[in-house]
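Text of coords30.pdb, listed as PDB, C-alpha atoms, pLDDT in the B column:
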```pdb
ATOM      1  CA  MET A   1      68.325  19.822 110.303  1.00 46.00           C
ATOM      2  CA  ALA A   2      71.011  22.410 110.845  1.00 45.00           C
ATOM      3  CA  SER A   3      68.606  24.937 112.288  1.00 49.00           C
ATOM      4  CA  THR A   4      66.562  24.117 115.383  1.00 66.00           C
ATOM      5  CA  ALA A   5      62.802  23.977 115.011  1.00 75.00           C
ATOM      6  CA  ARG A   6      62.420  26.708 117.617  1.00 79.00           C
ATOM      7  CA  ASN A   7      64.701  29.103 115.752  1.00 84.00           C
ATOM      8  CA  GLU A   8      62.847  28.429 112.531  1.00 87.00           C
ATOM      9  CA  ARG A   9      59.444  29.059 114.121  1.00 88.00           C
ATOM     10  CA  GLU A  10      60.668  32.354 115.549  1.00 89.00           C
ATOM     11  CA  MET A  11      62.040  33.391 112.168  1.00 91.00           C
ATOM     12  CA  ILE A  12      58.722  32.613 110.463  1.00 91.00           C
ATOM     13  CA  LEU A  13      56.763  34.615 113.045  1.00 92.00           C
ATOM     14  CA  ASN A  14      59.145  37.569 112.877  1.00 92.00           C
ATOM     15  CA  ALA A  15      59.041  37.576 109.075  1.00 92.00           C
ATOM     16  CA  GLY A  16      55.247  37.775 109.198  1.00 91.00           C
ATOM     17  CA  LYS A  17      55.341  40.704 111.614  1.00 92.00           C
ATOM     18  CA  GLU A  18      57.921  42.626 109.596  1.00 94.00           C
ATOM     19  CA  LEU A  19      56.077  41.997 106.333  1.00 92.00           C
ATOM     20  CA  SER A  20      53.093  44.030 107.477  1.00 90.00           C
ATOM     21  CA  SER A  21      55.245  47.137 107.941  1.00 91.00           C
ATOM     22  CA  THR A  22      57.626  46.853 104.965  1.00 91.00           C
ATOM     23  CA  ALA A  23      57.070  48.713 101.691  1.00 91.00           C
ATOM     24  CA  ASP A  24      60.290  47.836  99.846  1.00 94.00           C
ATOM     25  CA  PRO A  25      59.482  45.182  97.169  1.00 94.00           C
ATOM     26  CA  LEU A  26      62.769  43.289  97.601  1.00 94.00           C
ATOM     27  CA  GLU A  27      62.378  43.140 101.365  1.00 95.00           C
ATOM     28  CA  ARG A  28      58.742  42.060 101.017  1.00 95.00           C
ATOM     29  CA  LEU A  29      59.781  39.215  98.726  1.00 95.00           C
ATOM     30  CA  ARG A  30      62.615  38.233 101.072  1.00 94.00           C
ATOM     31  CA  LEU A  31      60.244  38.109 104.058  1.00 95.00           C
ATOM     32  CA  GLN A  32      57.733  36.018 102.122  1.00 95.00           C
ATOM     33  CA  CYS A  33      60.498  33.535 101.382  1.00 94.00           C
ATOM     34  CA  LEU A  34      61.495  33.425 105.053  1.00 93.00           C
ATOM     35  CA  GLN A  35      57.862  32.842 106.061  1.00 94.00           C
ATOM     36  CA  ARG A  36      58.241  29.459 104.352  1.00 92.00           C
ATOM     37  CA  GLY A  37      61.082  28.430 106.636  1.00 89.00           C
ATOM     38  CA  VAL A  38      64.809  28.002 106.173  1.00 86.00           C
ATOM     39  CA  ALA A  39      64.337  26.465 102.707  1.00 84.00           C
ATOM     40  CA  GLY A  40      62.178  29.316 101.377  1.00 89.00           C
ATOM     41  CA  ILE A  41      64.953  31.137  99.521  1.00 89.00           C
ATOM     42  CA  ARG A  42      66.232  27.868  98.087  1.00 86.00           C
ATOM     43  CA  ASP A  43      62.727  27.052  96.821  1.00 87.00           C
ATOM     44  CA  PHE A  44      62.419  30.500  95.259  1.00 89.00           C
ATOM     45  CA  GLY A  45      65.685  29.920  93.433  1.00 86.00           C
ATOM     46  CA  ARG A  46      64.434  26.597  92.109  1.00 83.00           C
ATOM     47  CA  THR A  47      61.305  28.247  90.726  1.00 83.00           C
ATOM     48  CA  PHE A  48      63.376  30.535  88.539  1.00 80.00           C
ATOM     49  CA  ARG A  49      65.952  27.978  87.484  1.00 79.00           C
ATOM     50  CA  ILE A  50      63.111  25.919  86.035  1.00 78.00           C
ATOM     51  CA  TRP A  51      62.354  28.819  83.685  1.00 70.00           C
ATOM     52  CA  ASP A  52      65.924  28.970  82.385  1.00 69.00           C
ATOM     53  CA  ASP A  53      65.399  26.542  79.512  1.00 63.00           C
ATOM     54  CA  ASP A  54      68.244  27.886  77.361  1.00 67.00           C
ATOM     55  CA  GLY A  55      70.707  28.078  80.263  1.00 71.00           C
ATOM     56  CA  ASN A  56      71.511  31.768  79.807  1.00 78.00           C
ATOM     57  CA  ARG A  57      70.662  32.517  83.457  1.00 81.00           C
ATOM     58  CA  LYS A  58      68.420  35.426  82.456  1.00 86.00           C
ATOM     59  CA  ILE A  59      64.664  35.987  82.705  1.00 86.00           C
ATOM     60  CA  SER A  60      62.358  38.465  81.010  1.00 88.00           C
ATOM     61  CA  TYR A  61      59.770  40.554  82.831  1.00 90.00           C
ATOM     62  CA  GLU A  62      57.021  38.169  81.709  1.00 89.00           C
ATOM     63  CA  GLU A  63      58.957  35.182  83.042  1.00 87.00           C
ATOM     64  CA  PHE A  64      59.652  37.093  86.237  1.00 89.00           C
ATOM     65  CA  VAL A  65      55.944  37.753  86.837  1.00 91.00           C
ATOM     66  CA  LYS A  66      55.060  34.138  86.021  1.00 89.00           C
ATOM     67  CA  GLY A  67      57.762  32.913  88.385  1.00 89.00           C
ATOM     68  CA  LEU A  68      56.437  35.089  91.198  1.00 92.00           C
ATOM     69  CA  SER A  69      52.977  33.661  90.577  1.00 92.00           C
ATOM     70  CA  ASP A  70      54.225  30.059  90.506  1.00 90.00           C
ATOM     71  CA  PHE A  71      56.060  30.613  93.773  1.00 91.00           C
ATOM     72  CA  GLY A  72      52.973  32.189  95.326  1.00 92.00           C
ATOM     73  CA  ALA A  73      54.590  35.527  96.111  1.00 92.00           C
ATOM     74  CA  SER A  74      52.189  38.286  97.071  1.00 90.00           C
ATOM     75  CA  LEU A  75      53.475  41.366  95.246  1.00 93.00           C
ATOM     76  CA  THR A  76      51.355  43.935  93.466  1.00 94.00           C
ATOM     77  CA  ALA A  77      51.922  44.626  89.775  1.00 94.00           C
ATOM     78  CA  THR A  78      53.571  47.913  90.753  1.00 95.00           C
ATOM     79  CA  GLU A  79      55.873  46.198  93.252  1.00 95.00           C
ATOM     80  CA  ALA A  80      56.860  43.552  90.685  1.00 94.00           C
ATOM     81  CA  GLN A  81      57.673  46.275  88.140  1.00 94.00           C
ATOM     82  CA  GLN A  82      59.704  48.254  90.670  1.00 94.00           C
ATOM     83  CA  LEU A  83      61.700  45.201  91.695  1.00 94.00           C
ATOM     84  CA  PHE A  84      62.358  44.067  88.137  1.00 94.00           C
ATOM     85  CA  HIS A  85      63.428  47.505  86.914  1.00 92.00           C
ATOM     86  CA  SER A  86      65.690  47.990  89.933  1.00 92.00           C
ATOM     87  CA  MET A  87      67.503  44.785  88.957  1.00 90.00           C
ATOM     88  CA  ASP A  88      67.520  45.563  85.203  1.00 89.00           C
ATOM     89  CA  LYS A  89      70.230  48.185  85.582  1.00 84.00           C
ATOM     90  CA  ASN A  90      71.088  48.417  81.880  1.00 83.00           C
ATOM     91  CA  SER A  91      67.418  48.453  80.745  1.00 86.00           C
ATOM     92  CA  SER A  92      67.954  45.335  78.628  1.00 88.00           C
ATOM     93  CA  GLY A  93      64.517  43.909  79.362  1.00 88.00           C
ATOM     94  CA  SER A  94      65.937  40.919  81.245  1.00 88.00           C
ATOM     95  CA  ILE A  95      67.658  40.317  84.559  1.00 89.00           C
ATOM     96  CA  GLU A  96      70.293  37.898  85.801  1.00 86.00           C
ATOM     97  CA  TYR A  97      68.366  35.735  88.225  1.00 82.00           C
ATOM     98  CA  ASP A  98      71.598  34.923  90.060  1.00 84.00           C
ATOM     99  CA  GLU A  99      71.862  38.616  90.947  1.00 85.00           C
ATOM    100  CA  LEU A 100      68.255  38.642  92.122  1.00 86.00           C
ATOM    101  CA  LEU A 101      68.819  35.613  94.340  1.00 87.00           C
ATOM    102  CA  ILE A 102      71.999  37.070  95.815  1.00 88.00           C
ATOM    103  CA  ALA A 103      70.169  40.334  96.566  1.00 89.00           C
ATOM    104  CA  LEU A 104      67.309  38.358  98.085  1.00 89.00           C
ATOM    105  CA  ARG A 105      69.457  36.558 100.636  1.00 90.00           C
ATOM    106  CA  PRO A 106      69.372  38.045 104.128  1.00 90.00           C
ATOM    107  CA  PRO A 107      72.624  39.864 104.956  1.00 89.00           C
ATOM    108  CA  MET A 108      75.301  37.560 106.361  1.00 92.00           C
ATOM    109  CA  SER A 109      78.549  38.418 108.097  1.00 93.00           C
ATOM    110  CA  LYS A 110      81.852  37.525 106.449  1.00 94.00           C
ATOM    111  CA  SER A 111      82.423  34.860 109.092  1.00 95.00           C
ATOM    112  CA  ARG A 112      79.149  33.107 108.209  1.00 95.00           C
ATOM    113  CA  ILE A 113      79.874  33.244 104.486  1.00 95.00           C
ATOM    114  CA  SER A 114      83.336  31.800 105.135  1.00 96.00           C
ATOM    115  CA  LEU A 115      81.865  28.910 107.138  1.00 95.00           C
ATOM    116  CA  ILE A 116      79.338  28.097 104.409  1.00 95.00           C
ATOM    117  CA  LEU A 117      82.083  28.075 101.780  1.00 95.00           C
ATOM    118  CA  ALA A 118      84.342  25.953 103.997  1.00 95.00           C
ATOM    119  CA  ALA A 119      81.565  23.388 104.506  1.00 91.00           C
ATOM    120  CA  PHE A 120      80.886  23.213 100.773  1.00 92.00           C
ATOM    121  CA  GLN A 121      84.562  22.834  99.917  1.00 93.00           C
ATOM    122  CA  LYS A 122      84.942  20.084 102.489  1.00 90.00           C
ATOM    123  CA  MET A 123      82.126  18.110 100.867  1.00 86.00           C
ATOM    124  CA  ASP A 124      83.270  18.776  97.319  1.00 88.00           C
ATOM    125  CA  LYS A 125      86.011  16.177  97.402  1.00 82.00           C
ATOM    126  CA  THR A 126      86.641  16.333  93.655  1.00 82.00           C
ATOM    127  CA  GLY A 127      86.807  20.135  93.609  1.00 87.00           C
ATOM    128  CA  ASP A 128      84.517  20.350  90.575  1.00 88.00           C
ATOM    129  CA  GLY A 129      82.014  22.735  92.208  1.00 89.00           C
ATOM    130  CA  VAL A 130      79.265  20.109  92.439  1.00 87.00           C
ATOM    131  CA  ILE A 131      78.438  17.828  95.359  1.00 81.00           C
ATOM    132  CA  THR A 132      77.010  14.385  94.782  1.00 76.00           C
ATOM    133  CA  PRO A 133      75.575  12.029  97.433  1.00 68.00           C
ATOM    134  CA  GLU A 134      78.850  10.122  97.305  1.00 70.00           C
ATOM    135  CA  ASP A 135      80.737  13.283  98.322  1.00 75.00           C
ATOM    136  CA  LEU A 136      78.592  13.624 101.462  1.00 69.00           C
ATOM    137  CA  LYS A 137      79.337  10.203 102.904  1.00 67.00           C
ATOM    138  CA  GLY A 138      81.417  10.485 106.034  1.00 68.00           C
ATOM    139  CA  VAL A 139      81.225  14.294 105.993  1.00 72.00           C
ATOM    140  CA  TYR A 140      77.814  15.279 107.334  1.00 71.00           C
ATOM    141  CA  ASN A 141      77.498  14.449 111.042  1.00 73.00           C
ATOM    142  CA  VAL A 142      73.947  13.598 112.115  1.00 74.00           C
ATOM    143  CA  ARG A 143      74.739  12.219 115.566  1.00 76.00           C
ATOM    144  CA  SER A 144      73.828  15.482 117.295  1.00 78.00           C
ATOM    145  CA  HIS A 145      70.508  15.661 115.436  1.00 77.00           C
ATOM    146  CA  PRO A 146      67.567  15.656 117.921  1.00 78.00           C
ATOM    147  CA  LYS A 147      65.681  12.974 115.991  1.00 84.00           C
ATOM    148  CA  PHE A 148      68.726  10.700 116.046  1.00 85.00           C
ATOM    149  CA  ILE A 149      69.284  11.262 119.758  1.00 85.00           C
ATOM    150  CA  ASN A 150      65.687  10.406 120.659  1.00 87.00           C
ATOM    151  CA  GLY A 151      65.655   7.385 118.350  1.00 87.00           C
ATOM    152  CA  GLU A 152      62.937   8.733 116.056  1.00 89.00           C
ATOM    153  CA  LYS A 153      65.112   8.295 112.961  1.00 87.00           C
ATOM    154  CA  THR A 154      68.203   6.340 112.059  1.00 82.00           C
ATOM    155  CA  GLU A 155      71.411   7.953 110.841  1.00 77.00           C
ATOM    156  CA  GLU A 156      70.682   6.759 107.294  1.00 73.00           C
ATOM    157  CA  GLN A 157      67.153   8.224 107.331  1.00 77.00           C
ATOM    158  CA  ILE A 158      68.388  11.611 108.500  1.00 75.00           C
ATOM    159  CA  PHE A 159      71.194  11.513 105.962  1.00 71.00           C
ATOM    160  CA  GLN A 160      68.783  10.844 103.076  1.00 69.00           C
ATOM    161  CA  GLU A 161      66.428  13.526 104.364  1.00 72.00           C
ATOM    162  CA  TYR A 162      69.284  15.999 104.399  1.00 70.00           C
ATOM    163  CA  LEU A 163      70.269  15.159 100.829  1.00 68.00           C
ATOM    164  CA  ARG A 164      66.730  15.875  99.666  1.00 70.00           C
ATOM    165  CA  THR A 165      66.962  19.442 100.935  1.00 71.00           C
ATOM    166  CA  PHE A 166      69.684  20.084  98.355  1.00 69.00           C
ATOM    167  CA  ASP A 167      68.241  18.163  95.424  1.00 62.00           C
ATOM    168  CA  SER A 168      68.174  20.084  92.154  1.00 51.00           C
ATOM    169  CA  PRO A 169      64.975  21.226  90.415  1.00 50.00           C
ATOM    170  CA  HIS A 170      65.218  18.249  88.074  1.00 52.00           C
ATOM    171  CA  GLY A 171      66.096  15.718  90.760  1.00 57.00           C
ATOM    172  CA  ASP A 172      69.638  15.080  89.573  1.00 65.00           C
ATOM    173  CA  GLY A 173      70.940  14.483  93.108  1.00 64.00           C
ATOM    174  CA  LYS A 174      73.667  17.109  92.751  1.00 76.00           C
ATOM    175  CA  VAL A 175      74.262  20.267  94.767  1.00 82.00           C
ATOM    176  CA  THR A 176      75.853  23.437  93.432  1.00 85.00           C
ATOM    177  CA  LEU A 177      77.433  26.122  95.583  1.00 88.00           C
ATOM    178  CA  GLN A 178      74.533  28.433  94.739  1.00 86.00           C
ATOM    179  CA  GLU A 179      71.961  25.909  95.989  1.00 85.00           C
ATOM    180  CA  PHE A 180      74.003  25.358  99.134  1.00 88.00           C
ATOM    181  CA  GLU A 181      74.270  29.095  99.797  1.00 90.00           C
ATOM    182  CA  GLU A 182      70.548  29.610  99.195  1.00 87.00           C
ATOM    183  CA  TYR A 183      69.672  26.994 101.793  1.00 86.00           C
ATOM    184  CA  TYR A 184      72.085  28.319 104.396  1.00 90.00           C
ATOM    185  CA  ALA A 185      70.940  31.901 103.796  1.00 91.00           C
ATOM    186  CA  GLY A 186      67.637  30.756 105.257  1.00 89.00           C
ATOM    187  CA  VAL A 187      69.315  28.894 108.093  1.00 89.00           C
ATOM    188  CA  SER A 188      71.412  31.972 108.854  1.00 91.00           C
ATOM    189  CA  ALA A 189      68.308  34.149 109.049  1.00 90.00           C
ATOM    190  CA  SER A 190      66.940  31.884 111.782  1.00 88.00           C
ATOM    191  CA  ILE A 191      70.027  32.256 114.008  1.00 90.00           C
ATOM    192  CA  ASP A 192      70.647  35.681 115.545  1.00 85.00           C
ATOM    193  CA  LEU A 193      74.191  35.382 116.868  1.00 88.00           C
ATOM    194  CA  ASP A 194      77.300  34.572 114.841  1.00 91.00           C
ATOM    195  CA  VAL A 195      78.656  32.454 117.682  1.00 91.00           C
ATOM    196  CA  TYR A 196      75.659  30.092 117.511  1.00 89.00           C
ATOM    197  CA  PHE A 197      75.824  29.878 113.727  1.00 92.00           C
ATOM    198  CA  ASP A 198      79.538  29.138 114.006  1.00 93.00           C
ATOM    199  CA  LEU A 199      78.915  26.387 116.564  1.00 91.00           C
ATOM    200  CA  MET A 200      76.134  24.845 114.490  1.00 88.00           C
ATOM    201  CA  MET A 201      78.215  24.755 111.306  1.00 89.00           C
ATOM    202  CA  ARG A 202      81.327  23.384 113.013  1.00 89.00           C
ATOM    203  CA  GLN A 203      79.386  20.628 114.736  1.00 86.00           C
ATOM    204  CA  ALA A 204      77.416  19.668 111.639  1.00 80.00           C
ATOM    205  CA  TRP A 205      80.337  19.659 109.222  1.00 82.00           C
ATOM    206  CA  LYS A 206      83.259  18.914 111.575  1.00 83.00           C
ATOM    207  CA  LEU A 207      85.031  22.123 110.559  1.00 85.00           C
TER
END
```
Translate the structure described by the file into structure tokens.
Amino acid sequence: MASTARNEREMILNAGKELSSTADPLERLRLQCLQRGVAGIRDFGRTFRIWDDDGNRKISYEEFVKGLSDFGASLTATEAQQLFHSMDKNSSGSIEYDELLIALRPPMSKSRISLILAAFQKMDKTGDGVITPEDLKGVYNVRSHPKFINGEKTEEQIFQEYLRTFDSPHGDGKVTLQEFEEYYAGVSASIDLDVYFDLMMRQAWKL
């Protein structure tokens, strides 16, 4: 994928080390997501979107705790309460899960955010804010992928594999900007220097 296996392994190991010395509930949850690899934050987002049956993009405290459990997050009851109440700024009893997911993403420089947006906009040929498999054809370059170079997988196999990383919780084959950003937040966390992230994005998306 877009992040090398070595970078991802280092990120996972570092997240585990930092987790043992971090007390902040949000940071602890972020590190637990990163321990699952570059797709950890994306998977966390999917867990909570599944709960949003009425489409209001809000979750109650009970739903929040159940979502943490479904995801397998290791937070104490006190930590879960602290995190929820810190996000529930108007004491309404519910939180915007979009705000939680944005807060959960590792910090990214403006240049990285700009590259992620540019890649999404390049794929979104119709400009409707949603990417379909048809949009991706001829846009995502897999020829520098290690598994393509060594002959382990064909271009079509890698392409289909890549599409699956962005599939929606209900398998609709569409990618929103939020899903795209959640995935690349994990990729970004695995790459220390902006120059390497820039190179990776430009090569992958022909920016």
#### Entry: Distance criterion (only C-alpha atoms): nearest to Tyr97 in chain A out of A:Arg49, A:Arg143, A:Lys17, A:Arg42
A:Arg49
### Message
Could you list, as a PyMOL selection string, every residue matched by the PyMOL selection byres ((chain A and resi 29) around 8) in this structure?
### Response
chain A and resi 25-28+30-33+73-75+104
Please produce an output containing C-alpha atoms for each residue in the selection, written as an mmCIF file, in the frame of the given file.
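To be explicit, this is the file written out as part07.cif:
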```cif
data_model
loop_
_atom_site.group_PDB
_atom_site.id
_atom_site.type_symbol
_atom_site.label_atom_id
_atom_site.label_comp_id
_atom_site.auth_asym_id
_atom_site.auth_seq_id
_atom_site.Cartn_x
_atom_site.Cartn_y
_atom_site.Cartn_z
ATOM 1 C CA PRO A 25 59.482 45.182 97.169
ATOM 2 C CA LEU A 26 62.769 43.289 97.601
ATOM 3 C CA GLU A 27 62.378 43.140 101.365
ATOM 4 C CA ARG A 28 58.742 42.060 101.017
ATOM 5 C CA ARG A 30 62.615 38.233 101.072
ATOM 6 C CA LEU A 31 60.244 38.109 104.058
ATOM 7 C CA GLN A 32 57.733 36.018 102.122
ATOM 8 C CA CYS A 33 60.498 33.535 101.382
ATOM 9 C CA ALA A 73 54.590 35.527 96.111
ATOM 10 C CA SER A 74 52.189 38.286 97.071
ATOM 11 C CA LEU A 75 53.475 41.366 95.246
ATOM 12 C CA LEU A 104 67.309 38.358 98.085
#
```
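Closest to Met11 in chain A among A:Thr154, A:Gln81, A:Ser188, A:Gln203 is A:Ser188, based on only C-alpha atoms.
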### Message
Expand the PyMOL selection byres ((chain A and resi 114-126) around 10) into the explicit residue set it covers here, and present it as a ChimeraX atom specification.
### Response
/A:108-113,127-140,175-177,180-181,184-185,188,197-198,201-202,204-207
### Query
Using only C-alpha atoms, which residues sit within 10 Å of Arg9 in chain A once same-chain residues fewer than 2 positions away are excluded, as a ChimeraX atom specification?
/A:4-7,11-15,35-38,190
#### Entry: Point-to-point distance in Å for CA of Asp98 in chain A and CA of Leu199 in chain A
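Spanning CA of Leu199 in chain A to CA of Asp98 in chain A is a straight-line distance of 28.8 Å.
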### Task
Give me the result of the PyMOL selection byres ((chain A and resi 60) around 8) on this file, residue by residue, as a ChimeraX atom specification.
/A:58-59,61-64,93-95
### Message
Could you tell me how far CA of Glu156 in chain A sits from CA of Thr47 in chain A, in Å to one decimal place?
### Response
28.7 Å
### Query
What does the distance from CA of His85 in chain A to CA of Ser69 in chain A come to in Å, to one decimal?
17.7 Å
Build an axis-aligned box that encloses every atom of range 141-151 of chain A listed in the file, pad it by 3 Å on each side, and report its centre and edge lengths in Å to one decimal, as lines of an AutoDock Vina configuration file.
```
center_x = 71.6
center_y = 11.5
center_z = 115.9
size_x = 17.8
size_y = 14.3
size_z = 15.6
```
### Proximity to Ala23 in chain A - best of A:Leu83, A:Ala39, A:Ile191, A:Val65, all atoms listed in the file
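Smallest separation from Ala23 in chain A among the options: A:Leu83.
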